Amino acid sequence: MMTVLLPMTGATVRMACRTGTYKGDTLRVAPDYVQGNVVILPSGFANDFARFCELNPRSCALIARSDPGKHEIPAIAADLDVRSDLPRYRIWRYGSLVEEPLDIRHVWTGDLVTFVLASSHTFEQVLQQAGIAFPPIDPGIVPATYVTDIETAPAGPFQGRVIVSMQPMKTQDAARALALAEAAPDRPGAPFHVGAPEAIGIRQLGRPDYGMRPQLRLDEVPVFWACGVTPHRVLETARLPFAITHKPGCRLVTDVLRDAFAGGSLRLTA
């Protein structure tokens, strides 16, 4: 069987997506580069969504925003074409998913604004630098994901409950991860909550709303991370005439180095 080598830089991942040679999950590709969740909206809703991100930074930490109609965002990636450089997209009309295309050129207009939001995986670099092993997830596997009873702060048509994914961590590692998050509360991708699921409205840990049923060992506690499903559900609730997102797991891989981003700065590769 032929071995397929996955692209390992932001630029080569994007080019592989653009040419249709890579269509998979981005979870374990280009591990040195920041990946972002993508939301694309008509410009008439852009300011409200930007305000929503500002009010809910833990669930929707904004990395970058494009100008209307522009498919490039030079601040985070060179030679970016957001219409084709993700493995797969989702197209929404009035809150309903209508298509999952490989590119969105056929629906692109000069009125669209792209938002790139931080993923929880952004925090992995912080944990690794502290010597904490981030729990592995196999590509294509959806971790246990829950709808909490915590309401997001509304902005315009955008509102809804916070959604979190859960991964078990050893008790001592979870405590250190929480301490790192509390030391830098504005750092994107930090844990949303550690332990006590009922404190955020999760009454049955063994029955997630999405994803696989979790398994915790005796020396592990549940660690909850703000999930990219939150803005998707918010868009469904808002029932906009038109919106585009990434397909879960199929994120935009930027040129921003994760170690620099973890340290609080954006630094592009040469």
# chains A, B, ... in the order shown; residues from 1 in each chain; ligands from 1

$ closest_atom_pairs --of "segment 6-104 of chain A" --to "segment 151-175 of chain A" --cutoff "7 Å" --atoms "only C-alpha atoms" --output "tab-separated table"
residue	atom	partner	partner_atom	distance
A:Asp48	CA	A:Gly156	CA	5.4
A:Phe49	CA	A:Phe158	CA	6.9
A:Arg51	CA	A:Ala155	CA	6.2
A:Phe52	CA	A:Ala155	CA	5.1
A:Leu55	CA	A:Ala153	CA	6.0
A:Asn56	CA	A:Ala153	CA	6.4
A:Ser59	CA	A:Val162	CA	7.0

$ write_last_selection --atoms "N, CA, C and O atoms" --output "short mmCIF file (atom, residue, chain, number, x, y, z; two decimals), in the first residue's frame"
data_model
loop_
_atom_site.label_atom_id
_atom_site.label_comp_id
_atom_site.auth_asym_id
_atom_site.auth_seq_id
_atom_site.Cartn_x
_atom_site.Cartn_y
_atom_site.Cartn_z
N ASP A 48 -22.32 42.80 13.75
CA ASP A 48 -22.98 42.11 14.86
C ASP A 48 -22.20 40.87 15.25
O ASP A 48 -22.06 40.57 16.45
N PHE A 49 -21.70 40.14 14.26
CA PHE A 49 -20.95 38.93 14.60
C PHE A 49 -19.62 39.28 15.26
O PHE A 49 -19.19 38.60 16.20
N ARG A 51 -19.13 41.82 17.13
CA ARG A 51 -19.51 42.17 18.50
C ARG A 51 -19.78 40.92 19.32
O ARG A 51 -19.40 40.84 20.49
N PHE A 52 -20.42 39.93 18.71
CA PHE A 52 -20.68 38.67 19.39
C PHE A 52 -19.35 38.02 19.82
O PHE A 52 -19.23 37.52 20.94
N LEU A 55 -17.89 39.84 22.77
CA LEU A 55 -18.60 39.58 24.02
C LEU A 55 -18.40 38.15 24.52
O LEU A 55 -18.63 37.87 25.71
N ASN A 56 -17.99 37.25 23.63
CA ASN A 56 -17.85 35.83 23.99
C ASN A 56 -16.48 35.31 23.57
O ASN A 56 -16.37 34.37 22.77
N SER A 59 -15.57 31.41 23.71
CA SER A 59 -16.19 30.53 22.72
C SER A 59 -15.85 30.92 21.29
O SER A 59 -15.84 30.07 20.40
#

$ select_by_dssp --residues "segment 5-107 of chain A" --states "alpha helix (DSSP H)" --output "NGL selection string"
:A and (10-18 or 46-55)

$ select_by_dssp --residues "segment 7-173 of chain A" --states "strand (DSSP E)" --output "ChimeraX atom specification"
/A:33-42,62-65,89-93,96-99,112-118,145-151,161-170

$ write_last_selection --atoms "C-alpha atoms" --output "PDB file, in the first residue's frame"
ATOM      1  CA  TYR A  33       0.939  26.133  12.717  1.00  0.00           C
ATOM      2  CA  VAL A  34      -2.193  27.742  14.150  1.00  0.00           C
ATOM      3  CA  GLN A  35      -5.478  26.437  12.773  1.00  0.00           C
ATOM      4  CA  GLY A  36      -8.672  28.447  12.782  1.00  0.00           C
ATOM      5  CA  ASN A  37     -12.408  27.849  12.612  1.00  0.00           C
ATOM      6  CA  VAL A  38     -14.032  29.794   9.780  1.00  0.00           C
ATOM      7  CA  VAL A  39     -17.321  31.719   9.599  1.00  0.00           C
ATOM      8  CA  ILE A  40     -18.243  33.650   6.429  1.00  0.00           C
ATOM      9  CA  LEU A  41     -21.205  36.031   6.464  1.00  0.00           C
ATOM     10  CA  PRO A  42     -22.818  38.758   4.358  1.00  0.00           C
ATOM     11  CA  LEU A  62     -11.319  36.152  16.933  1.00  0.00           C
ATOM     12  CA  ILE A  63      -7.956  35.733  15.206  1.00  0.00           C
ATOM     13  CA  ALA A  64      -8.632  37.669  12.012  1.00  0.00           C
ATOM     14  CA  ARG A  65     -11.336  39.290   9.885  1.00  0.00           C
ATOM     15  CA  TYR A  89     -16.969  23.714   3.808  1.00  0.00           C
ATOM     16  CA  ARG A  90     -20.566  23.900   4.941  1.00  0.00           C
ATOM     17  CA  ILE A  91     -23.123  26.186   3.301  1.00  0.00           C
ATOM     18  CA  TRP A  92     -26.136  27.289   5.355  1.00  0.00           C
ATOM     19  CA  ARG A  93     -29.394  28.878   4.224  1.00  0.00           C
ATOM     20  CA  SER A  96     -30.287  24.692   7.410  1.00  0.00           C
ATOM     21  CA  LEU A  97     -27.213  22.901   6.094  1.00  0.00           C
ATOM     22  CA  VAL A  98     -27.612  22.623   2.315  1.00  0.00           C
ATOM     23  CA  GLU A  99     -24.187  21.666   0.970  1.00  0.00           C
ATOM     24  CA  LEU A 112     -18.905  38.305   2.081  1.00  0.00           C
ATOM     25  CA  VAL A 113     -16.744  38.795   5.179  1.00  0.00           C
ATOM     26  CA  THR A 114     -14.568  36.014   6.595  1.00  0.00           C
ATOM     27  CA  PHE A 115     -13.936  35.522  10.314  1.00  0.00           C
ATOM     28  CA  VAL A 116     -11.197  33.197  11.578  1.00  0.00           C
ATOM     29  CA  LEU A 117     -11.684  31.998  15.160  1.00  0.00           C
ATOM     30  CA  ALA A 118      -9.235  30.264  17.466  1.00  0.00           C
ATOM     31  CA  THR A 145     -19.506  17.307  23.058  1.00  0.00           C
ATOM     32  CA  TYR A 146     -22.170  18.889  25.249  1.00  0.00           C
ATOM     33  CA  VAL A 147     -24.624  21.777  25.181  1.00  0.00           C
ATOM     34  CA  THR A 148     -24.171  23.621  28.478  1.00  0.00           C
ATOM     35  CA  ASP A 149     -26.759  25.743  30.286  1.00  0.00           C
ATOM     36  CA  ILE A 150     -24.526  28.811  29.940  1.00  0.00           C
ATOM     37  CA  GLU A 151     -25.942  31.415  27.584  1.00  0.00           C
ATOM     38  CA  ARG A 161     -25.798  28.342  24.577  1.00  0.00           C
ATOM     39  CA  VAL A 162     -22.108  27.616  24.948  1.00  0.00           C
ATOM     40  CA  ILE A 163     -21.106  24.217  23.562  1.00  0.00           C
ATOM     41  CA  VAL A 164     -18.055  22.400  24.910  1.00  0.00           C
ATOM     42  CA  SER A 165     -16.059  19.328  24.015  1.00  0.00           C
ATOM     43  CA  MET A 166     -14.584  17.133  26.736  1.00  0.00           C
ATOM     44  CA  GLN A 167     -11.315  15.295  27.010  1.00  0.00           C
ATOM     45  CA  PRO A 168     -10.139  13.494  30.138  1.00  0.00           C
ATOM     46  CA  MET A 169      -6.790  14.451  31.611  1.00  0.00           C
ATOM     47  CA  LYS A 170      -4.800  13.180  34.537  1.00  0.00           C
TER      48      LYS A 170
END

$ atom_distance --atom1 "atom CA of Gly131 of chain A" --atom2 "atom CA of Val253 of chain A"
24.2 Å

$ closest_residue --among "A:Ala179, A:Leu218, A:Ala11, A:Val256" --to "Leu80 of chain A" --atoms "only C-alpha atoms"
A:Ala11

$ residues_around --residues "Ala130 of chain A" --least-positions-apart "6" --cutoff "10 Å" --atoms "only C-alpha atoms" --output "list in words"
Glu124, Asp173, Arg176, Ala177 and Leu180 of chain A

$ write_last_selection --atoms "all heavy atoms" --output "CSV table (one decimal), in the first residue's frame"
chain,number,residue,atom,x,y,z
A,124,GLU,N,-2.8,23.7,22.8
A,124,GLU,CA,-2.0,22.6,22.9
A,124,GLU,C,-0.5,23.0,23.1
A,124,GLU,O,0.2,22.4,23.8
A,124,GLU,CB,-2.1,21.7,21.7
A,124,GLU,CG,-3.4,20.9,21.6
A,124,GLU,CD,-3.3,19.9,20.4
A,124,GLU,OE1,-2.3,19.3,20.2
A,124,GLU,OE2,-4.4,19.8,19.7
A,173,ASP,N,-2.3,17.0,35.7
A,173,ASP,CA,-2.2,17.8,34.4
A,173,ASP,C,-3.4,18.7,34.3
A,173,ASP,O,-3.2,19.9,33.8
A,173,ASP,CB,-2.1,16.8,33.2
A,173,ASP,CG,-0.8,16.1,33.1
A,173,ASP,OD1,0.2,16.5,33.8
A,173,ASP,OD2,-0.7,15.1,32.4
A,176,ARG,N,-2.8,21.8,36.4
A,176,ARG,CA,-1.8,22.7,35.8
A,176,ARG,C,-2.3,23.4,34.6
A,176,ARG,O,-2.0,24.6,34.4
A,176,ARG,CB,-0.5,21.9,35.4
A,176,ARG,CG,0.2,21.3,36.6
A,176,ARG,CD,1.4,20.5,36.1
A,176,ARG,NE,2.4,21.3,35.4
A,176,ARG,CZ,3.3,20.8,34.6
A,176,ARG,NH1,3.3,19.5,34.3
A,176,ARG,NH2,4.1,21.6,33.9
A,177,ALA,N,-3.1,22.7,33.8
A,177,ALA,CA,-3.7,23.4,32.6
A,177,ALA,C,-4.6,24.5,33.0
A,177,ALA,O,-4.6,25.6,32.4
A,177,ALA,CB,-4.5,22.3,31.8
A,180,LEU,N,-2.6,27.5,34.1
A,180,LEU,CA,-2.0,28.2,33.0
A,180,LEU,C,-3.1,29.1,32.4
A,180,LEU,O,-2.8,30.2,31.9
A,180,LEU,CB,-1.5,27.2,31.9
A,180,LEU,CG,-0.2,26.5,32.3
A,180,LEU,CD1,0.1,25.3,31.3
A,180,LEU,CD2,1.0,27.4,32.3

$ closest_residue --among "A:Pro143, A:Leu27, A:Ile202, A:Phe224" --to "Arg251 of chain A" --atoms "only C-alpha atoms"
A:Leu27

$ atom_distance --atom1 "atom CA of Leu102 of chain A" --atom2 "atom CA of Cys250 of chain A"
10.4 Å

$ closest_residue --among "A:Tyr22, A:Asp32, A:His232, A:Met15" --to "His121 of chain A" --atoms "only C-alpha atoms"
A:Asp32

$ atom_distance --atom1 "atom CA of Val107 of chain A" --atom2 "atom CA of Glu72 of chain A"
16.2 Å

$ residues_around --residues "Pro208 of chain A" --least-positions-apart "2" --cutoff "7 Å" --atoms "only C-alpha atoms" --output "short mmCIF file (atom, residue, chain, number, x, y, z; two decimals) with N, CA, C and O atoms, in the first residue's frame"
data_model
loop_
_atom_site.label_atom_id
_atom_site.label_comp_id
_atom_site.auth_asym_id
_atom_site.auth_seq_id
_atom_site.Cartn_x
_atom_site.Cartn_y
_atom_site.Cartn_z
N ALA A 144 -16.48 13.72 22.84
CA ALA A 144 -17.73 13.98 23.56
C ALA A 144 -17.98 15.48 23.61
O ALA A 144 -17.13 16.25 24.05
N THR A 145 -19.17 15.89 23.17
CA THR A 145 -19.51 17.31 23.06
C THR A 145 -20.87 17.56 23.69
O THR A 145 -21.80 16.77 23.48
N TYR A 146 -20.98 18.65 24.44
CA TYR A 146 -22.17 18.89 25.25
C TYR A 146 -22.68 20.32 25.06
O TYR A 146 -21.89 21.26 24.92
N LEU A 205 -22.68 12.89 32.10
CA LEU A 205 -21.43 12.93 31.34
C LEU A 205 -21.36 11.80 30.32
O LEU A 205 -20.77 11.95 29.25
N GLY A 206 -21.97 10.67 30.64
CA GLY A 206 -21.92 9.52 29.76
C GLY A 206 -22.86 9.59 28.57
O GLY A 206 -22.89 8.67 27.75
N TYR A 210 -23.28 15.25 21.30
CA TYR A 210 -22.63 14.87 20.04
C TYR A 210 -21.39 14.06 20.38
O TYR A 210 -20.84 14.16 21.47
N GLY A 211 -20.93 13.28 19.42
CA GLY A 211 -19.64 12.62 19.57
C GLY A 211 -19.69 11.33 20.34
O GLY A 211 -20.75 10.81 20.71
N ARG A 213 -19.00 8.46 23.28
CA ARG A 213 -19.19 8.37 24.73
C ARG A 213 -17.83 8.37 25.42
O ARG A 213 -16.92 7.61 25.05
#
